[in-house]
Amino acid sequence: MWELTQQKILAETFNAKMLAEIVNINNAYRLSDEQNKNIPKLVEIDKNLLINKLLTKISQTPVKKETLGIHLFAINAIYTLDKAMNKYQPIKSGFSNKVEQPVDKIRKTMEEKFKKTLKNDFREIYDRVYDNESLYTPFDL
């Protein structure tokens with residue numbers, strides 16, 4: 001039981017940090033009166049951002065039984081970003097479309113990397129994970 005709790009804490013912490021990085025970029029862009037067009041580009045070019053580290057990891061990891069964990073984790077990260085930017089009012093209300101666009105692009109790229117294979121080769125797990133994709137989201141909708 002402790003191990004599941006520890007995993008939940010680690011997943012929620014990762015998601016919160018990943019989201020915080022993107023919110024900080026959004027805030028910097030808004031503080032520039034949305035004039036500095038280079039700020040939103042940071043989402044795509046800064047490879048130190050957690051969203052990009054996760055994308056790199058799943059891009060380098062084929063979907064197979066031994067590596068399902070990272071892909072299943074990415075499903076939750078994608079869900080968290082989507083819901084934060086589109087439904088979670090404290091973030092949604094101040095989110096710039098110029099920052100959201102590159103985040104959406106990365107989310108879609110991530111999902112394209114594993115969704116089809118996961119759905120075809122591991123259907124039962126795929127269904128269960130997508131039914132519970134909010135499990136490690138660090139906020140309530």
# chains A, B, ... in the order shown; residues from 1 in each chain; ligands from 1
>>> residues_around(residues="Lys115 in chain A", least_positions_apart="3", cutoff="9 Å", atoms="only C-alpha atoms", output="compact mmCIF listing (two decimals) with C-alpha atoms, in the first residue's frame")
# COMPACT_ATOMS: atom_id res chain seq x y z
CA HIS A 71 3.62 5.38 -21.55
CA ILE A 75 -1.36 9.44 -20.51
CA MET A 110 3.32 12.37 -27.21
CA GLU A 111 0.01 10.64 -27.64
CA GLU A 112 0.76 9.71 -31.26
CA LEU A 118 -1.10 0.59 -26.77
CA LYS A 119 -4.68 0.34 -28.01
CA ASN A 120 -3.93 -2.53 -30.41
CA TYR A 126 -5.45 0.86 -22.45
>>> residues_around(residues="Ile106 in chain A", least_positions_apart="4", cutoff="9 Å", atoms="only C-alpha atoms", output="PDB file with C-alpha atoms, in the first residue's frame")
ATOM      1  CA  VAL A  43       7.804  25.469 -24.509  1.00  0.00           C
ATOM      2  CA  GLU A  44       9.105  23.701 -27.590  1.00  0.00           C
ATOM      3  CA  ILE A  51       7.136  18.109 -20.681  1.00  0.00           C
ATOM      4  CA  ASN A  52      10.029  17.854 -23.151  1.00  0.00           C
ATOM      5  CA  LEU A  55       8.416  13.485 -24.681  1.00  0.00           C
ATOM      6  CA  GLN A 101      -0.517  26.016 -28.978  1.00  0.00           C
ATOM      7  CA  PRO A 102       2.987  24.566 -28.485  1.00  0.00           C
ATOM      8  CA  MET A 110       3.321  12.369 -27.210  1.00  0.00           C
ATOM      9  CA  GLU A 111       0.006  10.639 -27.637  1.00  0.00           C
TER      10      GLU A 111
END
>>> residues_around(residues="range 136-140 of chain A", least_positions_apart="5", cutoff="7 Å", atoms="only C-alpha atoms", output="list in words")
Lys8, Ala11, Glu12, Asn15, Ala16, Asn76 and Thr80 of chain A
>>> residues_around(residues="Pro90 in chain A", least_positions_apart="4", cutoff="12 Å", atoms="only C-alpha atoms", output="list in words")
Val23, Lys83, Ala84, Met85, Asn86, Gly94, Phe95, Phe139, Asp140 and Leu141 of chain A
>>> write_last_selection(atoms="C-alpha atoms", output="short mmCIF file (atom, residue, chain, number, x, y, z; two decimals), in the first residue's frame")
data_model
loop_
_atom_site.label_atom_id
_atom_site.label_comp_id
_atom_site.auth_asym_id
_atom_site.auth_seq_id
_atom_site.Cartn_x
_atom_site.Cartn_y
_atom_site.Cartn_z
CA VAL A 23 2.33 28.43 -16.17
CA LYS A 83 -7.61 19.74 -18.11
CA ALA A 84 -5.47 22.43 -16.48
CA MET A 85 -5.48 24.61 -19.58
CA ASN A 86 -9.07 24.00 -20.62
CA GLY A 94 -5.27 33.44 -17.69
CA PHE A 95 -3.84 31.10 -20.27
CA PHE A 139 -6.20 19.13 -8.66
CA ASP A 140 -9.93 18.45 -8.71
CA LEU A 141 -12.18 19.62 -11.52
#
>>> select_by_dssp(residues="chain A", states="alpha helix (DSSP H)", output="NGL selection string")
:A and (2-31 or 38-45 or 50-60 or 68-86 or 89-92 or 97-121 or 123-131)
>>> residues_around(residues="Ser59 in chain A", least_positions_apart="5", cutoff="9 Å", atoms="only C-alpha atoms", output="ChimeraX atom specification")
/A:54,110,113-114
>>> residues_around(residues="Pro40 in chain A", least_positions_apart="6", cutoff="9 Å", atoms="only C-alpha atoms", output="ChimeraX atom specification")
/A:25-26,29,98-102
>>> atom_distance(atom1="CA of Gln60 in chain A", atom2="CA of Asn48 in chain A")
16.2 Å
>>> decode(residues="range 70-130 of chain A", atoms="C-alpha atoms", output="PDB file, in the first residue's frame")
ATOM      1  CA  ILE A  70       6.324   5.361 -18.874  1.00  0.00           C
ATOM      2  CA  HIS A  71       3.618   5.382 -21.546  1.00  0.00           C
ATOM      3  CA  LEU A  72       0.831   4.944 -19.017  1.00  0.00           C
ATOM      4  CA  PHE A  73       2.335   7.753 -16.960  1.00  0.00           C
ATOM      5  CA  ALA A  74       2.394   9.970 -20.070  1.00  0.00           C
ATOM      6  CA  ILE A  75      -1.360   9.436 -20.509  1.00  0.00           C
ATOM      7  CA  ASN A  76      -1.919  11.030 -17.125  1.00  0.00           C
ATOM      8  CA  ALA A  77       0.507  13.880 -17.855  1.00  0.00           C
ATOM      9  CA  ILE A  78      -1.326  14.617 -21.117  1.00  0.00           C
ATOM     10  CA  TYR A  79      -4.668  14.547 -19.308  1.00  0.00           C
ATOM     11  CA  THR A  80      -3.375  16.857 -16.569  1.00  0.00           C
ATOM     12  CA  LEU A  81      -2.118  19.451 -19.058  1.00  0.00           C
ATOM     13  CA  ASP A  82      -5.302  19.340 -21.088  1.00  0.00           C
ATOM     14  CA  LYS A  83      -7.606  19.739 -18.106  1.00  0.00           C
ATOM     15  CA  ALA A  84      -5.467  22.426 -16.483  1.00  0.00           C
ATOM     16  CA  MET A  85      -5.478  24.607 -19.575  1.00  0.00           C
ATOM     17  CA  ASN A  86      -9.074  23.999 -20.624  1.00  0.00           C
ATOM     18  CA  LYS A  87     -11.137  23.313 -17.506  1.00  0.00           C
ATOM     19  CA  TYR A  88      -9.290  24.193 -14.280  1.00  0.00           C
ATOM     20  CA  GLN A  89     -10.421  27.773 -13.725  1.00  0.00           C
ATOM     21  CA  PRO A  90      -7.408  29.136 -11.776  1.00  0.00           C
ATOM     22  CA  ILE A  91      -5.171  28.314 -14.760  1.00  0.00           C
ATOM     23  CA  LYS A  92      -7.608  28.380 -17.673  1.00  0.00           C
ATOM     24  CA  SER A  93      -8.725  31.960 -17.127  1.00  0.00           C
ATOM     25  CA  GLY A  94      -5.266  33.435 -17.688  1.00  0.00           C
ATOM     26  CA  PHE A  95      -3.839  31.096 -20.271  1.00  0.00           C
ATOM     27  CA  SER A  96      -2.597  32.589 -23.517  1.00  0.00           C
ATOM     28  CA  ASN A  97      -3.399  30.835 -26.756  1.00  0.00           C
ATOM     29  CA  LYS A  98       0.176  31.497 -27.932  1.00  0.00           C
ATOM     30  CA  VAL A  99       1.523  29.346 -25.082  1.00  0.00           C
ATOM     31  CA  GLU A 100      -1.237  26.759 -25.305  1.00  0.00           C
ATOM     32  CA  GLN A 101      -0.517  26.016 -28.978  1.00  0.00           C
ATOM     33  CA  PRO A 102       2.987  24.566 -28.485  1.00  0.00           C
ATOM     34  CA  VAL A 103       1.807  22.643 -25.404  1.00  0.00           C
ATOM     35  CA  ASP A 104      -1.020  21.115 -27.450  1.00  0.00           C
ATOM     36  CA  LYS A 105       1.448  20.215 -30.192  1.00  0.00           C
ATOM     37  CA  ILE A 106       3.701  18.393 -27.706  1.00  0.00           C
ATOM     38  CA  ARG A 107       0.719  16.632 -26.094  1.00  0.00           C
ATOM     39  CA  LYS A 108      -0.500  15.395 -29.486  1.00  0.00           C
ATOM     40  CA  THR A 109       2.992  14.256 -30.479  1.00  0.00           C
ATOM     41  CA  MET A 110       3.321  12.369 -27.210  1.00  0.00           C
ATOM     42  CA  GLU A 111       0.006  10.639 -27.637  1.00  0.00           C
ATOM     43  CA  GLU A 112       0.765   9.712 -31.256  1.00  0.00           C
ATOM     44  CA  LYS A 113       3.945   7.972 -30.069  1.00  0.00           C
ATOM     45  CA  PHE A 114       2.117   5.297 -28.118  1.00  0.00           C
ATOM     46  CA  LYS A 115      -1.679   5.423 -28.358  1.00  0.00           C
ATOM     47  CA  LYS A 116      -2.175   3.228 -31.431  1.00  0.00           C
ATOM     48  CA  THR A 117       0.243   0.512 -30.299  1.00  0.00           C
ATOM     49  CA  LEU A 118      -1.096   0.594 -26.767  1.00  0.00           C
ATOM     50  CA  LYS A 119      -4.678   0.339 -28.015  1.00  0.00           C
ATOM     51  CA  ASN A 120      -3.933  -2.530 -30.406  1.00  0.00           C
ATOM     52  CA  ASP A 121      -1.510  -4.597 -28.327  1.00  0.00           C
ATOM     53  CA  PHE A 122      -2.633  -3.907 -24.753  1.00  0.00           C
ATOM     54  CA  ARG A 123      -6.348  -3.143 -25.126  1.00  0.00           C
ATOM     55  CA  GLU A 124      -7.433  -4.122 -21.600  1.00  0.00           C
ATOM     56  CA  ILE A 125      -4.734  -1.960 -20.000  1.00  0.00           C
ATOM     57  CA  TYR A 126      -5.452   0.861 -22.451  1.00  0.00           C
ATOM     58  CA  ASP A 127      -9.153   0.869 -21.523  1.00  0.00           C
ATOM     59  CA  ARG A 128      -8.455   0.756 -17.799  1.00  0.00           C
ATOM     60  CA  VAL A 129      -5.917   3.581 -17.939  1.00  0.00           C
ATOM     61  CA  TYR A 130      -8.099   5.865 -20.052  1.00  0.00           C
TER      62      TYR A 130
END
